[in-house]
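What follows is a single structure, written as structure tokens, with notes after it.
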Amino acid sequence: MSSASGLTQRRRNFAAAADDDDEVRRSGNGGSAGGGGAGDRRGSTGAAGLAGPEHEARMREEYDDDDGGGKGRRGGPDSLTLLEEVLLLGLKDSQGYLSFWNDNISYVLRGAILIELSFRNRIGTVKEPRKRPFAERLVEVIDERPTGEALLDEALKLLKMDTQSVASWIDLMSGETWNLMKIGFQMKQVRERIAKGLVDKGVLRTEKRNFVLFDMATHPLADASAKERVVRRAVDALLGRGPNAAASASPSSASASAGSLSASSPTSSSSAPTPDRRTVALACAAYAANVLENALASLSHAQREQAFVRVDELLQEFAGLSDRARAVGATEIMAGVFSVYTK
């Protein structure tokens, strides 16, 4: 992994031009609250004869986000999708809009849509005798059931209409094509629609803001704790803190590090615990979208550098779908999207 890669250079250029006044508040609330009710997002088909514990067990079995963060994810600030989390990191808390310098996030969000659909077991890659690079592997729909998220369901309908590679789908959904026959695959107003979804979940609110020549709807933060949980998850994963680190640490090292969360010495990649796949996707997508800097604003310079080194490592490792990446449930779609992010 080279720290002089194009993605790293874009991140540094953006950090130099970014607004230094945009602070990200952090608190001690770690992890997202998990609740029951995973079956609320399902229709009533086939469940009429079930009741009580039996019905709940069936709903849990059918729940498609199996990475631990998905239980009870519907209808509130704990039900955020990957694309909502990435956008939330990019929004200025009080102003409610993205930095005007950021031209990466729209493209990254299209990749996040594919990753989210793969986590929900809706899409996969076509099995072929000749193995292509992950970014060039063809995408197929393996489950047509709606997800309950408007953007994801719209993308699912588009994916059923044609067979394209992971990289091609990101381009098509972003509108980056000269083929007039494919222009209909573009997903429009994605950032605004994600923000409105966060308003519906009570995380943001809507205001009108005057920008001299025009008025624009902005979406300031309404629930600070929701963003704090997302920030804490990303930061803990990149600094080797949190449940994964505690589980992998020896008793002696755990006692030695107690109370030293602010230690700035980097953890080697060989000994660092691998975060769950959803947290890796959050950190790497935020990095590619040039919004990870916002989550690291309250850290020391040494800690920020440690976090950027770690996210670079994770991005390269998961783009290659290493054994450790497979062990935490990384998908070929995720590897393909990350391969696109590294270009």
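So you can find residues: chains in the structure tokens are A, B, ... in the order shown, residues in each start at 1, and ligands are numbered from 1 in order.
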Show me, as a list of chain:residue names, the residues that have an atom within 6 Å of region 121-135 of chain A when counting only C-alpha atoms, minus same-chain residues fewer than 5 positions from it.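 Counting only the stated atoms, we get A:Glu140, A:Val141, A:Ile142, A:Asp143, A:Val166, A:Ala167, A:Gly336, A:Ser339.
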Selected residues written out, C-alpha atoms, as a PDB file, in the first residue's frame:
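File result-v3.pdb, as written:
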ATOM      1  CA  GLU A 140     -26.866  -9.946 -10.788  1.00  0.00           C
ATOM      2  CA  VAL A 141     -29.997  -9.603  -8.667  1.00  0.00           C
ATOM      3  CA  ILE A 142     -30.417 -12.663  -6.452  1.00  0.00           C
ATOM      4  CA  ASP A 143     -33.416 -11.508  -4.405  1.00  0.00           C
ATOM      5  CA  VAL A 166     -19.620  -3.233 -10.631  1.00  0.00           C
ATOM      6  CA  ALA A 167     -17.603  -0.313 -12.023  1.00  0.00           C
ATOM      7  CA  GLY A 336     -15.397  -4.414  -6.513  1.00  0.00           C
ATOM      8  CA  SER A 339     -11.388  -1.388  -6.183  1.00  0.00           C
TER       9      SER A 339
END
Would you pick out the contacts of region 193-195 of chain A at 10 Å or less, using only C-alpha atoms, so that residues sharing its chain but fewer than 3 positions from it are not included, and give the list as JSON, numbers by chain? {"A": [81, 83, 84, 85, 87, 88, 91, 96, 97, 109, 149, 150, 151, 188, 189, 190, 198, 199, 200, 201, 203, 204, 205, 206, 218, 219, 220]}
I want to know what sits within 8 Å of Gly175 (chain A), based on only C-alpha atoms, with residues of the same chain fewer than 6 positions away left out; could you give that as a PDB file with N, CA, C and O atoms, in the first residue's frame?
ATOM      1  N   ILE A 183     -28.541   6.429 -20.435  1.00  0.00           N
ATOM      2  CA  ILE A 183     -28.684   7.598 -19.583  1.00  0.00           C
ATOM      3  C   ILE A 183     -29.832   7.449 -18.585  1.00  0.00           C
ATOM      4  O   ILE A 183     -29.841   8.080 -17.517  1.00  0.00           O
ATOM      5  N   PHE A 185     -30.329   5.113 -16.646  1.00  0.00           N
ATOM      6  CA  PHE A 185     -29.895   4.418 -15.429  1.00  0.00           C
ATOM      7  C   PHE A 185     -29.381   5.386 -14.362  1.00  0.00           C
ATOM      8  O   PHE A 185     -29.052   4.961 -13.257  1.00  0.00           O
ATOM      9  N   GLN A 186     -29.297   6.662 -14.683  1.00  0.00           N
ATOM     10  CA  GLN A 186     -28.803   7.619 -13.707  1.00  0.00           C
ATOM     11  C   GLN A 186     -29.799   7.792 -12.564  1.00  0.00           C
ATOM     12  O   GLN A 186     -31.008   7.945 -12.784  1.00  0.00           O
ATOM     13  N   MET A 187     -29.297   7.757 -11.341  1.00  0.00           N
ATOM     14  CA  MET A 187     -30.114   8.030 -10.164  1.00  0.00           C
ATOM     15  C   MET A 187     -29.920   9.495  -9.793  1.00  0.00           C
ATOM     16  O   MET A 187     -28.793   9.934  -9.551  1.00  0.00           O
TER      17      MET A 187
END
How many Å separate CA of Arg310 (chain A) from CA of Thr331 (chain A)? 20.1 Å
Close residues, region 319-328 of chain A itself excluded, 9 Å, only C-alpha atoms, min 5 positions apart in chain, as number ranges by chain: A: 67, 134-135, 274-277, 314, 334-342
With N, CA, C and O atoms retained, write the just-selected residues as an mmCIF file, in the first residue's frame.
data_model
loop_
_atom_site.group_PDB
_atom_site.id
_atom_site.type_symbol
_atom_site.label_atom_id
_atom_site.label_comp_id
_atom_site.auth_asym_id
_atom_site.auth_seq_id
_atom_site.Cartn_x
_atom_site.Cartn_y
_atom_site.Cartn_z
ATOM 1 N N ASP A 67 -24.827 -8.840 9.700
ATOM 2 C CA ASP A 67 -23.536 -8.477 10.246
ATOM 3 C C ASP A 67 -23.613 -7.884 11.646
ATOM 4 O O ASP A 67 -22.712 -7.225 12.092
ATOM 5 N N PHE A 134 -12.329 -7.803 -9.483
ATOM 6 C CA PHE A 134 -13.599 -7.603 -8.775
ATOM 7 C C PHE A 134 -14.410 -6.445 -9.357
ATOM 8 O O PHE A 134 -15.635 -6.528 -9.448
ATOM 9 N N ALA A 135 -13.761 -5.372 -9.748
ATOM 10 C CA ALA A 135 -14.491 -4.216 -10.286
ATOM 11 C C ALA A 135 -15.145 -4.538 -11.622
ATOM 12 O O ALA A 135 -16.104 -3.863 -12.017
ATOM 13 N N THR A 274 -9.691 -6.743 13.016
ATOM 14 C CA THR A 274 -10.448 -6.361 11.821
ATOM 15 C C THR A 274 -11.866 -6.003 12.228
ATOM 16 O O THR A 274 -12.573 -6.831 12.801
ATOM 17 N N PRO A 275 -12.314 -4.789 11.955
ATOM 18 C CA PRO A 275 -13.686 -4.399 12.314
ATOM 19 C C PRO A 275 -14.711 -5.202 11.515
ATOM 20 O O PRO A 275 -14.365 -5.871 10.530
ATOM 21 N N ASP A 276 -15.975 -5.134 11.917
ATOM 22 C CA ASP A 276 -17.028 -5.791 11.144
ATOM 23 C C ASP A 276 -17.149 -5.113 9.787
ATOM 24 O O ASP A 276 -16.729 -3.969 9.593
ATOM 25 N N ARG A 277 -17.741 -5.822 8.835
ATOM 26 C CA ARG A 277 -17.739 -5.357 7.445
ATOM 27 C C ARG A 277 -18.490 -4.043 7.259
ATOM 28 O O ARG A 277 -18.117 -3.218 6.428
ATOM 29 N N LEU A 314 -7.122 -0.917 5.235
ATOM 30 C CA LEU A 314 -8.400 -1.624 5.109
ATOM 31 C C LEU A 314 -8.937 -1.542 3.682
ATOM 32 O O LEU A 314 -9.464 -2.522 3.153
ATOM 33 N N MET A 334 -18.571 -5.679 -2.535
ATOM 34 C CA MET A 334 -17.828 -4.732 -1.697
ATOM 35 C C MET A 334 -16.397 -4.593 -2.204
ATOM 36 O O MET A 334 -15.871 -3.471 -2.309
ATOM 37 N N ALA A 335 -15.760 -5.720 -2.541
ATOM 38 C CA ALA A 335 -14.388 -5.681 -3.073
ATOM 39 C C ALA A 335 -14.345 -4.919 -4.398
ATOM 40 O O ALA A 335 -13.417 -4.142 -4.645
ATOM 41 N N GLY A 336 -15.356 -5.125 -5.246
ATOM 42 C CA GLY A 336 -15.397 -4.414 -6.513
ATOM 43 C C GLY A 336 -15.546 -2.922 -6.349
ATOM 44 O O GLY A 336 -14.881 -2.127 -7.023
ATOM 45 N N VAL A 337 -16.437 -2.518 -5.433
ATOM 46 C CA VAL A 337 -16.642 -1.084 -5.172
ATOM 47 C C VAL A 337 -15.369 -0.464 -4.615
ATOM 48 O O VAL A 337 -14.945 0.624 -5.019
ATOM 49 N N PHE A 338 -14.726 -1.145 -3.682
ATOM 50 C CA PHE A 338 -13.488 -0.621 -3.098
ATOM 51 C C PHE A 338 -12.385 -0.520 -4.158
ATOM 52 O O PHE A 338 -11.560 0.392 -4.110
ATOM 53 N N SER A 339 -12.368 -1.462 -5.096
ATOM 54 C CA SER A 339 -11.388 -1.388 -6.183
ATOM 55 C C SER A 339 -11.609 -0.130 -7.022
ATOM 56 O O SER A 339 -10.649 0.517 -7.460
ATOM 57 N N VAL A 340 -12.882 0.225 -7.218
ATOM 58 C CA VAL A 340 -13.191 1.466 -7.929
ATOM 59 C C VAL A 340 -12.758 2.674 -7.103
ATOM 60 O O VAL A 340 -12.199 3.640 -7.643
ATOM 61 N N TYR A 341 -12.973 2.632 -5.796
ATOM 62 C CA TYR A 341 -12.595 3.749 -4.936
ATOM 63 C C TYR A 341 -11.095 4.018 -4.972
ATOM 64 O O TYR A 341 -10.649 5.154 -4.784
ATOM 65 N N THR A 342 -10.293 2.965 -5.136
ATOM 66 C CA THR A 342 -8.834 3.138 -5.078
ATOM 67 C C THR A 342 -8.251 3.681 -6.364
ATOM 68 O O THR A 342 -7.074 4.049 -6.417
#
When distances are computed from only C-alpha atoms, which of A:Leu239, A:Val311, A:Ala226, A:Val108 shows the smallest separation from Ser174 (chain A)?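 Ranked by minimum distance to Ser174 (chain A), first place goes to A:Val108.
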Just list as a PyMOL selection string whatever in region 121-336 of chain A DSSP marks as alpha helix (DSSP H). chain A and resi 150-161+166-174+190-200+224-238+243-248+251-257+277-288+292-295+301-319+323-327+332-336
